[in-house]
Amino acid sequence: MYGPNAVLSHGVSALSVLVRQLRSYLLLLLLVAAVVSAAVGDRTEAAIIGGIMLMSVGLSFLNEYRSEKAVEALHSQIRHLAFVDRDGQPAEVRVSEIVPGDLVHLRVGDVVPADLRLIDVHDLECDESVLTGESQAAAKTADARPPGESSLALPSCAFMGTVVRSGDGRGLVVQTGARTAFGAIALRLAERQGQTSFQQGLQQFSRLLATVTALLAGSIFLINAALGRSLLQSALFALAIAVGLTPQLLPAIVTVSLATGARRLARRRVIVKRLVCIEDLGNVQVLFTDKTGTLTEGHISFTQSLDWHGKPNADVFALGLACSDKTGNEVDRALHATPTAGGNTPDWPTLDELPFDHERQLASVLVDAPQGRRLIAKGAPEGVLARCTSVASEAQATLDRLFASGMRVVAVASRPVTLERLSHDDERELSLEGFLCFSDPAKANVQESLARLARLGIMVTIVTGDNGQVAAHLCREVDLDPGEVLTGTTIEELDDDALLKLLPQTTIFARVTPEQKSRIIRAQRSLGADVGFLGYGVNDAIALHDADVGISVESAADVAKDAADVVLLDKDLGIIADGVVEGRRIFANTIKYVLMGTSSNFGNMFSAAGASLFLSFLPMLPTQILLNNLLYDVSEMTIPTDTVDEELLARPSQWDIRLIRRFMSFFGPISSLYDFLTFAVMLRVFHAHATLFRSGWFVESLTTQTLVIFVIRTRRVPFFKSRPSTPLLTATLTCAAVGVALPYIEPFARLFGFQALPLSFLAVLAGMIVTYLALAQFGVALFFKPHGGRPLARAIGRHERDIRRRASRWHIWPHGTPSPRVDARL
């Protein structure tokens with residue numbers, strides 16, 4: 001009737017994954033290129049193209065299994081046995097066999113097997129951090145209580161996946177499997193994640209190439225057919241032109257860049273699980289993160305005990321220890337972890353105790369102290385002071401001063417009693433003894449890390465299950481503008497439009513549920529921002545899944561690590577900054593290849609189309625076009641190793657198809673100008689026939705097409721202010737030299753239809769290369785001047801104002817100044 005108590009997922013089949021890969025326009029172009037290469041007899045070229053296709057499809061195919069692994073991690077947590085009462089008989093059954101109506105027994109260390117309505121408890125506390133993000137265990141009761149700030153804050157319920165920290169109890173199963181709060185997370189993770197920003201940009205670029213290629217290749221075929229040339233030869237030539245326009249190695253360039261970046265990041269203690277997200281990591285504009293362990297050290301530590309006058313007092317510390325448990329909540333553990341705790345722990349018999357709960361905001365014990373039997377209470381100052389007979393103004397002043405200093409304060413009070421057992425009504429008429437002070441200090445380098453992220457154009461936003469005021473104080477402590485604070489209760493009342501309006505001025509989202517985290521992430525992405533999310537527990541898994549880049553840490557819950565794209569071996573925002581810089585470096589090198597392919601390739605193929613109008617023969621044979629393209633691509637395979645100018649790493653960069661079109665339209669004609677100049681030289685000066693003409697244009701086309709990378713790769717003066725990497729320099733010069741030598745080397749010259757060129761042509765060629773590179777350098781300076789020297793760095797737009805506002809708080813980005821240049825601190 002109810003089905004198994006298991007989280008059901010709907011995985012993606014291998015066939016559906018393969019179909020999605022074949023929807024790529026770029027892959028379709030590569031498929032046509034492979035067929036063309038095989039048709040003209042160049043099986044080597046066909047094999048290379050086929051290998052590239054397999055590499056690209058394989059990379060995309062593997063990415064689809066990330067969500068499946070996350071769901072498997074959730075499954076592993078619920079495969080255990082539970083002790084239940086069924087039909088009045090106790091039994092140990094498999095968790096998958098539990099059904100609503102079963103009465104489940106809970107003991108210390110148990111993982112709650114389903115959503116339960118508690119019917120009796122004894123000092124029961126559950127660690128609900130996997131759902132709420134709160135590190136402090138939640139006290140449970142059998143009494144019906146209204147929910148707190150979060151819809152999951154139900155003291156009378158125990159939720160699947162949470163862990164019993166202390167006490168014991170029994171609960172009636174009310175929800176199982178996917179209908180539980182825990183199961184809902186697993187079902188969300190089973191949904192296939194949409195394309196990342198980088199994948200979407202690559203898809204748009206592929207469509208642009210498909211359009212240009214279809215128009216140009218189709219026009220060439222029609223022109224040659226209209227001129228009465230062989231339909232087969234015309235078709236082969238047109239398809240060869242299509243091959244020339246296709247950046248065949250783009251998938252390989254992306255793969256090599258990602259693999260190289262992944263190795264570099266691994267040396268910085270960053271493990272990349274989903275390679276394609278490295279580039280999206282570089283594009284992150286908004287980073288959502290919890291505060292614990294990222295802004296703070298990640299653990300509470302005891303600092304001092306004071307009497308209500310504000311003076312150090314060891315008796316207050318002893319009373320606090322008497323009202324604590326070594327295995328209790330984080331406050332108790334911090335007290336007992338204090339080096340002086342061993343010699344100060346009072347050896348007083350404990351007669352009874354009442355555990356902490358969030359409604360009373362305190363815990364109490366009944367002990368036999370040397371001075372007589374006493375009731376000792378310890379808890380939130382508001383809860384303890386409300387039960388004291390009187391509170392001196394000096395005590396309130398001390399408390400206010402401690403709050404102002406950012407301390408987490410626990411009040412201690414007591415009174416003499418003659419009781420045998422404790423009840424909540426006995427927690428009255430107390431005398432304030434003093435205060436215990438705790439802190440979860442901010443990390444020593446967190447301000448530097450936040451400032452570095454701000455210099456990189458990244459806004460940091462806190463998403464926490466903790467109290468909003470605590471988070472706001474911490475933000476002020478680390479010089480992060482707290483802005484507005486939104487709680488989960490408020491978010492629940494907001495529609496999507498209202499939430500969108502509040503996002504830019506909100507720095508802290510407090511007491512939020514997993515679904516609300518996911519909603520915030522989706523809302524931020526809808527504003528056009530690339531979003532990163534740093535999370536640790538099951539409660540973060542959905543948001544990790546929905547972000548452009550999900551980031552977790554090595555010590556996180558398994559499900560969080562499985563759902564993440566990137567895993568940090570250390571909780572450090574500075575490491576994220578390293579990853580951002582590496583992602584931008586990879587993106588910048590990928591764009592170099594894109595700009596090369598869309599400018600020089602387009603120019604050369606446009607020249608081929610123009611030459612077809614006045615030549616009585618094909619300006620270049622299909623095999624020569626394929627060879628030209630192969631040598632060119634081999635030289636560009638080293639682009640992933642290239643250095644990147646610092647200013648190109650300073651801000652997020654995104655695909656800008658309009659800019660690519662303008663670049664192609666601007667630099668394509670420059671390349672064609674020198675092609676037509678070569679045509680004129682070959683026909684007018686050397687009176688070339690078909691073979692000599694093709695040889696001359698092949699050499700000129702290849703050398704100018706490959707050497708121009710030294711100009712396009714930088715916005716600075718090449719070699720003088722920006723040097724290429726040694727592999728790129730070597731590969732480019734080698735391929736250009738091979739292209740020049742081929743017409744003179746037998747049997748290759750005869751095989752490809754070349755003829756030795758006059759030495760005087762080489763002198764003319766040298767002059768054309770020098771003037772072409774000089775004109776290209778002038779064109780780069782002219783083209784990028786309106787864009788501030790930023791290739792494809794689309795302005796952040798609506799986020800720019802917020803980044804400047806927050807960065808100005810660190811006095812590193814004054815209002816009204818241009819974007820800062822990157823320095824060594826990046």
# chains A, B, ... in the order shown; residues from 1 in each chain; ligands from 1
$ residues_around --residues "Leu673 of chain A" --least-positions-apart "2" --cutoff "12 Å" --atoms "only C-alpha atoms" --output "VMD selection string"
chain A and resid 600 603 to 604 606 to 608 610 666 to 671 675 to 680 700 to 701 704 768 771 to 772 775 to 776
$ write_last_selection --atoms "N, CA, C and O atoms" --output "tab-separated table (two decimals), in the first residue's frame"
chain	number	residue	atom	x	y	z
A	600	SER	N	40.45	34.04	-38.61
A	600	SER	CA	41.32	33.62	-39.72
A	600	SER	C	40.67	32.55	-40.58
A	600	SER	O	40.74	32.59	-41.81
A	603	GLY	N	38.05	34.23	-42.66
A	603	GLY	CA	38.67	35.03	-43.72
A	603	GLY	C	39.19	34.18	-44.85
A	603	GLY	O	38.98	34.49	-46.04
A	604	ASN	N	39.88	33.08	-44.52
A	604	ASN	CA	40.43	32.22	-45.56
A	604	ASN	C	39.34	31.56	-46.39
A	604	ASN	O	39.44	31.46	-47.63
A	606	PHE	N	36.29	32.65	-46.79
A	606	PHE	CA	35.63	33.69	-47.58
A	606	PHE	C	36.45	33.99	-48.83
A	606	PHE	O	35.91	34.22	-49.92
A	607	SER	N	37.76	33.98	-48.68
A	607	SER	CA	38.64	34.20	-49.83
A	607	SER	C	38.48	33.09	-50.85
A	607	SER	O	38.49	33.34	-52.07
A	608	ALA	N	38.32	31.85	-50.38
A	608	ALA	CA	38.13	30.73	-51.30
A	608	ALA	C	36.84	30.91	-52.09
A	608	ALA	O	36.79	30.63	-53.30
A	610	GLY	N	35.43	33.80	-52.81
A	610	GLY	CA	35.64	34.88	-53.76
A	610	GLY	C	36.48	34.46	-54.95
A	610	GLY	O	36.22	34.84	-56.10
A	666	PHE	N	35.24	41.79	-38.19
A	666	PHE	CA	36.32	42.79	-38.19
A	666	PHE	C	37.62	42.20	-38.69
A	666	PHE	O	38.31	42.80	-39.54
A	667	PHE	N	38.02	41.03	-38.20
A	667	PHE	CA	39.32	40.46	-38.53
A	667	PHE	C	39.27	39.54	-39.74
A	667	PHE	O	40.30	39.31	-40.38
A	668	GLY	N	38.09	38.98	-40.06
A	668	GLY	CA	37.98	38.15	-41.25
A	668	GLY	C	38.40	38.89	-42.51
A	668	GLY	O	39.22	38.38	-43.30
A	669	PRO	N	37.89	40.11	-42.75
A	669	PRO	CA	38.31	40.86	-43.95
A	669	PRO	C	39.80	41.19	-43.98
A	669	PRO	O	40.39	41.27	-45.06
A	670	ILE	N	40.42	41.39	-42.79
A	670	ILE	CA	41.87	41.65	-42.77
A	670	ILE	C	42.61	40.43	-43.30
A	670	ILE	O	43.55	40.54	-44.10
A	671	SER	N	42.19	39.25	-42.85
A	671	SER	CA	42.80	38.02	-43.35
A	671	SER	C	42.54	37.85	-44.84
A	671	SER	O	43.45	37.50	-45.61
A	675	ASP	N	44.89	37.41	-48.39
A	675	ASP	CA	44.66	36.31	-49.31
A	675	ASP	C	44.55	36.83	-50.75
A	675	ASP	O	45.17	36.28	-51.68
A	676	PHE	N	43.74	37.87	-50.93
A	676	PHE	CA	43.57	38.42	-52.28
A	676	PHE	C	44.86	39.07	-52.78
A	676	PHE	O	45.15	39.07	-53.97
A	677	LEU	N	45.66	39.62	-51.86
A	677	LEU	CA	46.97	40.14	-52.25
A	677	LEU	C	47.86	39.00	-52.75
A	677	LEU	O	48.60	39.15	-53.74
A	678	THR	N	47.76	37.85	-52.08
A	678	THR	CA	48.51	36.67	-52.53
A	678	THR	C	48.02	36.22	-53.91
A	678	THR	O	48.84	35.85	-54.78
A	679	PHE	N	46.71	36.23	-54.11
A	679	PHE	CA	46.18	35.87	-55.42
A	679	PHE	C	46.78	36.76	-56.51
A	679	PHE	O	47.20	36.28	-57.58
A	680	ALA	N	46.81	38.05	-56.23
A	680	ALA	CA	47.34	39.00	-57.23
A	680	ALA	C	48.81	38.74	-57.52
A	680	ALA	O	49.26	38.78	-58.68
A	700	GLU	N	50.89	30.81	-47.69
A	700	GLU	CA	50.51	32.10	-47.11
A	700	GLU	C	49.37	31.97	-46.12
A	700	GLU	O	49.38	32.55	-45.03
A	701	SER	N	48.38	31.17	-46.49
A	701	SER	CA	47.23	30.99	-45.61
A	701	SER	C	47.63	30.37	-44.29
A	701	SER	O	47.23	30.83	-43.21
A	704	THR	N	50.11	32.86	-42.05
A	704	THR	CA	49.41	34.00	-41.43
A	704	THR	C	48.38	33.52	-40.43
A	704	THR	O	48.18	34.13	-39.37
A	768	MET	N	54.67	40.12	-46.34
A	768	MET	CA	53.23	40.07	-46.08
A	768	MET	C	52.95	39.65	-44.63
A	768	MET	O	52.04	40.18	-43.99
A	771	THR	N	53.68	42.71	-42.27
A	771	THR	CA	52.67	43.76	-42.36
A	771	THR	C	51.30	43.26	-41.88
A	771	THR	O	50.54	44.03	-41.27
A	772	TYR	N	51.01	41.98	-42.10
A	772	TYR	CA	49.74	41.42	-41.63
A	772	TYR	C	49.68	41.42	-40.11
A	772	TYR	O	48.66	41.83	-39.51
A	775	LEU	N	49.22	44.98	-38.87
A	775	LEU	CA	47.86	45.44	-39.06
A	775	LEU	C	46.91	44.76	-38.07
A	775	LEU	O	46.01	45.40	-37.52
A	776	ALA	N	47.15	43.47	-37.81
A	776	ALA	CA	46.33	42.75	-36.84
A	776	ALA	C	46.51	43.33	-35.43
A	776	ALA	O	45.54	43.47	-34.68
$ residues_around --residues "Gly167 of chain A" --least-positions-apart "4" --cutoff "7 Å" --atoms "only C-alpha atoms" --output "list of chain:residue names"
A:Arg107, A:Val108, A:His122, A:Asp123, A:Leu124, A:Glu125
$ closest_residue --among "A:Ser665, A:Ser405, A:Thr623, A:Thr176" --to "Val212 of chain A" --atoms "only C-alpha atoms"
A:Ser665
$ atom_distance --atom1 "atom CA of Asp280 of chain A" --atom2 "atom CA of Asp548 of chain A"
6.7 Å
$ residues_around --residues "Phe288 of chain A" --least-positions-apart "4" --cutoff "10 Å" --atoms "only C-alpha atoms" --output "PDB file with all heavy atoms, in the first residue's frame"
ATOM      1  N   MET A 459      30.528  38.624  -5.131  1.00  0.00           N
ATOM      2  CA  MET A 459      29.790  38.964  -3.919  1.00  0.00           C
ATOM      3  C   MET A 459      29.613  37.708  -3.066  1.00  0.00           C
ATOM      4  O   MET A 459      29.246  36.657  -3.584  1.00  0.00           O
ATOM      5  CB  MET A 459      28.419  39.538  -4.270  1.00  0.00           C
ATOM      6  CG  MET A 459      28.465  40.865  -4.997  1.00  0.00           C
ATOM      7  SD  MET A 459      26.818  41.605  -5.164  1.00  0.00           S
ATOM      8  CE  MET A 459      25.977  40.393  -6.167  1.00  0.00           C
ATOM      9  N   VAL A 460      29.873  37.833  -1.771  1.00  0.00           N
ATOM     10  CA  VAL A 460      29.707  36.722  -0.835  1.00  0.00           C
ATOM     11  C   VAL A 460      28.420  36.935  -0.050  1.00  0.00           C
ATOM     12  O   VAL A 460      28.207  37.995   0.542  1.00  0.00           O
ATOM     13  CB  VAL A 460      30.904  36.626   0.128  1.00  0.00           C
ATOM     14  CG1 VAL A 460      30.675  35.514   1.153  1.00  0.00           C
ATOM     15  CG2 VAL A 460      32.186  36.362  -0.658  1.00  0.00           C
ATOM     16  N   THR A 461      27.556  35.932  -0.064  1.00  0.00           N
ATOM     17  CA  THR A 461      26.274  35.991   0.637  1.00  0.00           C
ATOM     18  C   THR A 461      26.171  34.801   1.576  1.00  0.00           C
ATOM     19  O   THR A 461      26.496  33.674   1.199  1.00  0.00           O
ATOM     20  CB  THR A 461      25.107  35.966  -0.369  1.00  0.00           C
ATOM     21  OG1 THR A 461      25.233  37.088  -1.253  1.00  0.00           O
ATOM     22  CG2 THR A 461      23.774  36.041   0.337  1.00  0.00           C
ATOM     23  N   ILE A 462      25.719  35.066   2.808  1.00  0.00           N
ATOM     24  CA  ILE A 462      25.644  34.030   3.831  1.00  0.00           C
ATOM     25  C   ILE A 462      24.268  33.371   3.801  1.00  0.00           C
ATOM     26  O   ILE A 462      23.246  34.056   3.855  1.00  0.00           O
ATOM     27  CB  ILE A 462      25.903  34.615   5.234  1.00  0.00           C
ATOM     28  CG1 ILE A 462      27.228  35.397   5.252  1.00  0.00           C
ATOM     29  CG2 ILE A 462      25.923  33.506   6.279  1.00  0.00           C
ATOM     30  CD1 ILE A 462      28.430  34.597   4.849  1.00  0.00           C
ATOM     31  N   VAL A 463      24.246  32.049   3.712  1.00  0.00           N
ATOM     32  CA  VAL A 463      23.012  31.268   3.808  1.00  0.00           C
ATOM     33  C   VAL A 463      23.213  30.282   4.950  1.00  0.00           C
ATOM     34  O   VAL A 463      24.045  29.372   4.857  1.00  0.00           O
ATOM     35  CB  VAL A 463      22.707  30.517   2.500  1.00  0.00           C
ATOM     36  CG1 VAL A 463      21.412  29.741   2.633  1.00  0.00           C
ATOM     37  CG2 VAL A 463      22.623  31.480   1.340  1.00  0.00           C
ATOM     38  N   THR A 464      22.483  30.458   6.045  1.00  0.00           N
ATOM     39  CA  THR A 464      22.759  29.676   7.244  1.00  0.00           C
ATOM     40  C   THR A 464      21.474  29.232   7.934  1.00  0.00           C
ATOM     41  O   THR A 464      20.428  29.865   7.799  1.00  0.00           O
ATOM     42  CB  THR A 464      23.612  30.517   8.224  1.00  0.00           C
ATOM     43  OG1 THR A 464      23.850  29.761   9.408  1.00  0.00           O
ATOM     44  CG2 THR A 464      22.919  31.814   8.595  1.00  0.00           C
ATOM     45  N   THR A 507      22.485  40.248   2.382  1.00  0.00           N
ATOM     46  CA  THR A 507      23.746  39.544   2.555  1.00  0.00           C
ATOM     47  C   THR A 507      23.573  38.278   3.368  1.00  0.00           C
ATOM     48  O   THR A 507      24.363  37.349   3.243  1.00  0.00           O
ATOM     49  CB  THR A 507      24.780  40.455   3.253  1.00  0.00           C
ATOM     50  OG1 THR A 507      24.899  41.676   2.523  1.00  0.00           O
ATOM     51  CG2 THR A 507      26.148  39.796   3.330  1.00  0.00           C
ATOM     52  N   ILE A 508      22.519  38.206   4.206  1.00  0.00           N
ATOM     53  CA  ILE A 508      22.344  37.075   5.120  1.00  0.00           C
ATOM     54  C   ILE A 508      20.946  36.492   4.956  1.00  0.00           C
ATOM     55  O   ILE A 508      19.945  37.206   5.050  1.00  0.00           O
ATOM     56  CB  ILE A 508      22.554  37.510   6.578  1.00  0.00           C
ATOM     57  CG1 ILE A 508      23.983  38.029   6.777  1.00  0.00           C
ATOM     58  CG2 ILE A 508      22.285  36.353   7.530  1.00  0.00           C
ATOM     59  CD1 ILE A 508      24.193  38.680   8.125  1.00  0.00           C
ATOM     60  N   PHE A 509      20.889  35.193   4.698  1.00  0.00           N
ATOM     61  CA  PHE A 509      19.643  34.431   4.724  1.00  0.00           C
ATOM     62  C   PHE A 509      19.755  33.459   5.892  1.00  0.00           C
ATOM     63  O   PHE A 509      20.620  32.570   5.886  1.00  0.00           O
ATOM     64  CB  PHE A 509      19.435  33.677   3.418  1.00  0.00           C
ATOM     65  CG  PHE A 509      19.269  34.571   2.219  1.00  0.00           C
ATOM     66  CD1 PHE A 509      20.372  34.963   1.480  1.00  0.00           C
ATOM     67  CD2 PHE A 509      18.018  35.025   1.842  1.00  0.00           C
ATOM     68  CE1 PHE A 509      20.236  35.790   0.380  1.00  0.00           C
ATOM     69  CE2 PHE A 509      17.866  35.850   0.734  1.00  0.00           C
ATOM     70  CZ  PHE A 509      18.979  36.237   0.005  1.00  0.00           C
ATOM     71  N   LYS A 517      16.829  27.345   0.360  1.00  0.00           N
ATOM     72  CA  LYS A 517      18.166  27.546  -0.201  1.00  0.00           C
ATOM     73  C   LYS A 517      18.128  27.380  -1.714  1.00  0.00           C
ATOM     74  O   LYS A 517      18.688  28.188  -2.456  1.00  0.00           O
ATOM     75  CB  LYS A 517      19.166  26.563   0.408  1.00  0.00           C
ATOM     76  CG  LYS A 517      19.516  26.815   1.858  1.00  0.00           C
ATOM     77  CD  LYS A 517      20.559  25.813   2.342  1.00  0.00           C
ATOM     78  CE  LYS A 517      20.896  26.031   3.805  1.00  0.00           C
ATOM     79  NZ  LYS A 517      21.919  25.087   4.301  1.00  0.00           N
ATOM     80  N   ILE A 520      16.435  30.330  -3.361  1.00  0.00           N
ATOM     81  CA  ILE A 520      17.302  31.508  -3.411  1.00  0.00           C
ATOM     82  C   ILE A 520      18.303  31.375  -4.554  1.00  0.00           C
ATOM     83  O   ILE A 520      18.542  32.329  -5.302  1.00  0.00           O
ATOM     84  CB  ILE A 520      18.027  31.677  -2.055  1.00  0.00           C
ATOM     85  CG1 ILE A 520      17.025  32.034  -0.952  1.00  0.00           C
ATOM     86  CG2 ILE A 520      19.104  32.750  -2.152  1.00  0.00           C
ATOM     87  CD1 ILE A 520      17.600  31.911   0.441  1.00  0.00           C
ATOM     88  N   ILE A 521      18.888  30.190  -4.695  1.00  0.00           N
ATOM     89  CA  ILE A 521      19.866  29.955  -5.765  1.00  0.00           C
ATOM     90  C   ILE A 521      19.213  30.160  -7.127  1.00  0.00           C
ATOM     91  O   ILE A 521      19.758  30.844  -8.007  1.00  0.00           O
ATOM     92  CB  ILE A 521      20.431  28.529  -5.670  1.00  0.00           C
ATOM     93  CG1 ILE A 521      21.221  28.343  -4.375  1.00  0.00           C
ATOM     94  CG2 ILE A 521      21.305  28.224  -6.880  1.00  0.00           C
ATOM     95  CD1 ILE A 521      22.461  29.156  -4.269  1.00  0.00           C
ATOM     96  N   VAL A 531      26.196  31.545 -10.258  1.00  0.00           N
ATOM     97  CA  VAL A 531      26.103  31.349  -8.812  1.00  0.00           C
ATOM     98  C   VAL A 531      26.945  30.157  -8.380  1.00  0.00           C
ATOM     99  O   VAL A 531      26.860  29.079  -8.969  1.00  0.00           O
ATOM    100  CB  VAL A 531      24.637  31.134  -8.388  1.00  0.00           C
ATOM    101  CG1 VAL A 531      24.547  30.797  -6.904  1.00  0.00           C
ATOM    102  CG2 VAL A 531      23.810  32.382  -8.701  1.00  0.00           C
ATOM    103  N   GLY A 532      27.756  30.367  -7.337  1.00  0.00           N
ATOM    104  CA  GLY A 532      28.443  29.278  -6.665  1.00  0.00           C
ATOM    105  C   GLY A 532      27.829  29.071  -5.300  1.00  0.00           C
ATOM    106  O   GLY A 532      27.381  30.017  -4.655  1.00  0.00           O
ATOM    107  N   PHE A 533      27.791  27.829  -4.848  1.00  0.00           N
ATOM    108  CA  PHE A 533      27.237  27.524  -3.533  1.00  0.00           C
ATOM    109  C   PHE A 533      28.187  26.587  -2.803  1.00  0.00           C
ATOM    110  O   PHE A 533      28.582  25.541  -3.339  1.00  0.00           O
ATOM    111  CB  PHE A 533      25.858  26.886  -3.636  1.00  0.00           C
ATOM    112  CG  PHE A 533      25.252  26.548  -2.292  1.00  0.00           C
ATOM    113  CD1 PHE A 533      24.678  27.542  -1.515  1.00  0.00           C
ATOM    114  CD2 PHE A 533      25.284  25.246  -1.795  1.00  0.00           C
ATOM    115  CE1 PHE A 533      24.144  27.242  -0.260  1.00  0.00           C
ATOM    116  CE2 PHE A 533      24.746  24.940  -0.553  1.00  0.00           C
ATOM    117  CZ  PHE A 533      24.174  25.946   0.212  1.00  0.00           C
ATOM    118  N   LEU A 534      28.563  26.976  -1.575  1.00  0.00           N
ATOM    119  CA  LEU A 534      29.448  26.175  -0.733  1.00  0.00           C
ATOM    120  C   LEU A 534      28.627  25.570   0.391  1.00  0.00           C
ATOM    121  O   LEU A 534      28.065  26.290   1.217  1.00  0.00           O
ATOM    122  CB  LEU A 534      30.564  27.052  -0.170  1.00  0.00           C
ATOM    123  CG  LEU A 534      31.525  26.418   0.836  1.00  0.00           C
ATOM    124  CD1 LEU A 534      32.216  25.204   0.229  1.00  0.00           C
ATOM    125  CD2 LEU A 534      32.549  27.436   1.300  1.00  0.00           C
ATOM    126  N   GLY A 535      28.509  24.238   0.416  1.00  0.00           N
ATOM    127  CA  GLY A 535      27.686  23.567   1.413  1.00  0.00           C
ATOM    128  C   GLY A 535      28.312  22.276   1.878  1.00  0.00           C
ATOM    129  O   GLY A 535      29.184  21.705   1.198  1.00  0.00           O
ATOM    130  N   ALA A 543      20.703  22.663  -3.091  1.00  0.00           N
ATOM    131  CA  ALA A 543      21.307  23.921  -3.532  1.00  0.00           C
ATOM    132  C   ALA A 543      22.598  23.663  -4.294  1.00  0.00           C
ATOM    133  O   ALA A 543      22.894  24.336  -5.291  1.00  0.00           O
ATOM    134  CB  ALA A 543      21.565  24.827  -2.327  1.00  0.00           C
ATOM    135  N   ALA A 547      22.984  25.101  -8.176  1.00  0.00           N
ATOM    136  CA  ALA A 547      23.923  26.190  -8.468  1.00  0.00           C
ATOM    137  C   ALA A 547      24.683  25.915  -9.760  1.00  0.00           C
ATOM    138  O   ALA A 547      24.776  24.770 -10.215  1.00  0.00           O
ATOM    139  CB  ALA A 547      24.898  26.364  -7.307  1.00  0.00           C
ATOM    140  N   GLY A 550      28.574  23.798  -7.703  1.00  0.00           N
ATOM    141  CA  GLY A 550      28.402  23.320  -6.348  1.00  0.00           C
ATOM    142  C   GLY A 550      29.759  23.017  -5.732  1.00  0.00           C
ATOM    143  O   GLY A 550      30.573  22.296  -6.315  1.00  0.00           O
ATOM    144  N   ILE A 551      30.013  23.573  -4.550  1.00  0.00           N
ATOM    145  CA  ILE A 551      31.304  23.436  -3.884  1.00  0.00           C
ATOM    146  C   ILE A 551      31.082  22.826  -2.510  1.00  0.00           C
ATOM    147  O   ILE A 551      30.226  23.287  -1.751  1.00  0.00           O
ATOM    148  CB  ILE A 551      32.007  24.803  -3.731  1.00  0.00           C
ATOM    149  CG1 ILE A 551      32.077  25.525  -5.078  1.00  0.00           C
ATOM    150  CG2 ILE A 551      33.401  24.638  -3.146  1.00  0.00           C
ATOM    151  CD1 ILE A 551      32.495  26.986  -4.961  1.00  0.00           C
TER     152      ILE A 551
END
$ atom_distance --atom1 "atom CA of Val409 of chain A" --atom2 "atom CA of Ala397 of chain A"
13.3 Å
$ closest_residue --among "A:Ser653, A:Ser166, A:Thr487, A:Thr211" --to "Ile591 of chain A" --atoms "only C-alpha atoms"
A:Ser653
$ select_by_dssp --residues "segment 167-411 of chain A" --states "helix (DSSP H, G or I)" --output "count of residues only"
119
$ residues_around --residues "segment 423-428 of chain A" --least-positions-apart "2" --cutoff "8 Å" --atoms "only C-alpha atoms" --output "PDB file with N, CA and C atoms, in the first residue's frame"
ATOM      1  N   LEU A 354      17.027  18.445  33.876  1.00  0.00           N
ATOM      2  CA  LEU A 354      16.081  18.788  32.809  1.00  0.00           C
ATOM      3  C   LEU A 354      16.902  19.296  31.631  1.00  0.00           C
ATOM      4  N   SER A 364      18.732  22.584  33.431  1.00  0.00           N
ATOM      5  CA  SER A 364      18.911  22.680  34.876  1.00  0.00           C
ATOM      6  C   SER A 364      19.229  21.311  35.452  1.00  0.00           C
ATOM      7  N   LEU A 375      19.658  23.878  42.970  1.00  0.00           N
ATOM      8  CA  LEU A 375      19.206  23.824  41.582  1.00  0.00           C
ATOM      9  C   LEU A 375      20.094  24.783  40.795  1.00  0.00           C
ATOM     10  N   ALA A 377      20.853  26.349  37.008  1.00  0.00           N
ATOM     11  CA  ALA A 377      20.302  26.549  35.655  1.00  0.00           C
ATOM     12  C   ALA A 377      21.348  27.235  34.783  1.00  0.00           C
ATOM     13  N   ARG A 387      13.947  34.199  34.925  1.00  0.00           N
ATOM     14  CA  ARG A 387      13.592  33.356  36.059  1.00  0.00           C
ATOM     15  C   ARG A 387      14.320  33.769  37.338  1.00  0.00           C
ATOM     16  N   CYS A 388      15.068  34.860  37.277  1.00  0.00           N
ATOM     17  CA  CYS A 388      15.750  35.372  38.468  1.00  0.00           C
ATOM     18  C   CYS A 388      14.842  36.340  39.230  1.00  0.00           C
ATOM     19  N   THR A 389      15.028  36.390  40.542  1.00  0.00           N
ATOM     20  CA  THR A 389      14.187  37.258  41.364  1.00  0.00           C
ATOM     21  C   THR A 389      14.424  38.725  41.042  1.00  0.00           C
ATOM     22  N   ARG A 421      13.039  15.767  43.058  1.00  0.00           N
ATOM     23  CA  ARG A 421      12.954  15.693  41.593  1.00  0.00           C
ATOM     24  C   ARG A 421      12.728  17.090  41.050  1.00  0.00           C
ATOM     25  N   LEU A 430      15.464  32.333  40.938  1.00  0.00           N
ATOM     26  CA  LEU A 430      16.894  32.033  40.889  1.00  0.00           C
ATOM     27  C   LEU A 430      17.721  33.274  41.215  1.00  0.00           C
TER      28      LEU A 430
END
$ closest_residue --among "A:Pro718, A:Pro652, A:Gly261, A:Pro4" --to "Arg179 of chain A" --atoms "only C-alpha atoms"
A:Pro4
$ select_by_dssp --residues "segment 380-575 of chain A" --states "strand (DSSP E)" --output "MDAnalysis selection string"
chainID A and resid 408:416 431:439 459:464 484:487 506:510 531:534 549:553 566:568
$ residues_around --residues "Arg716 of chain A" --least-positions-apart "4" --cutoff "12 Å" --atoms "only C-alpha atoms" --output "number ranges by chain"
A: 644-648, 710-712, 720-724, 777-778, 780-781, 784-785, 789-790
$ atom_distance --atom1 "atom CA of Ala334 of chain A" --atom2 "atom CA of Pro346 of chain A"
16.6 Å
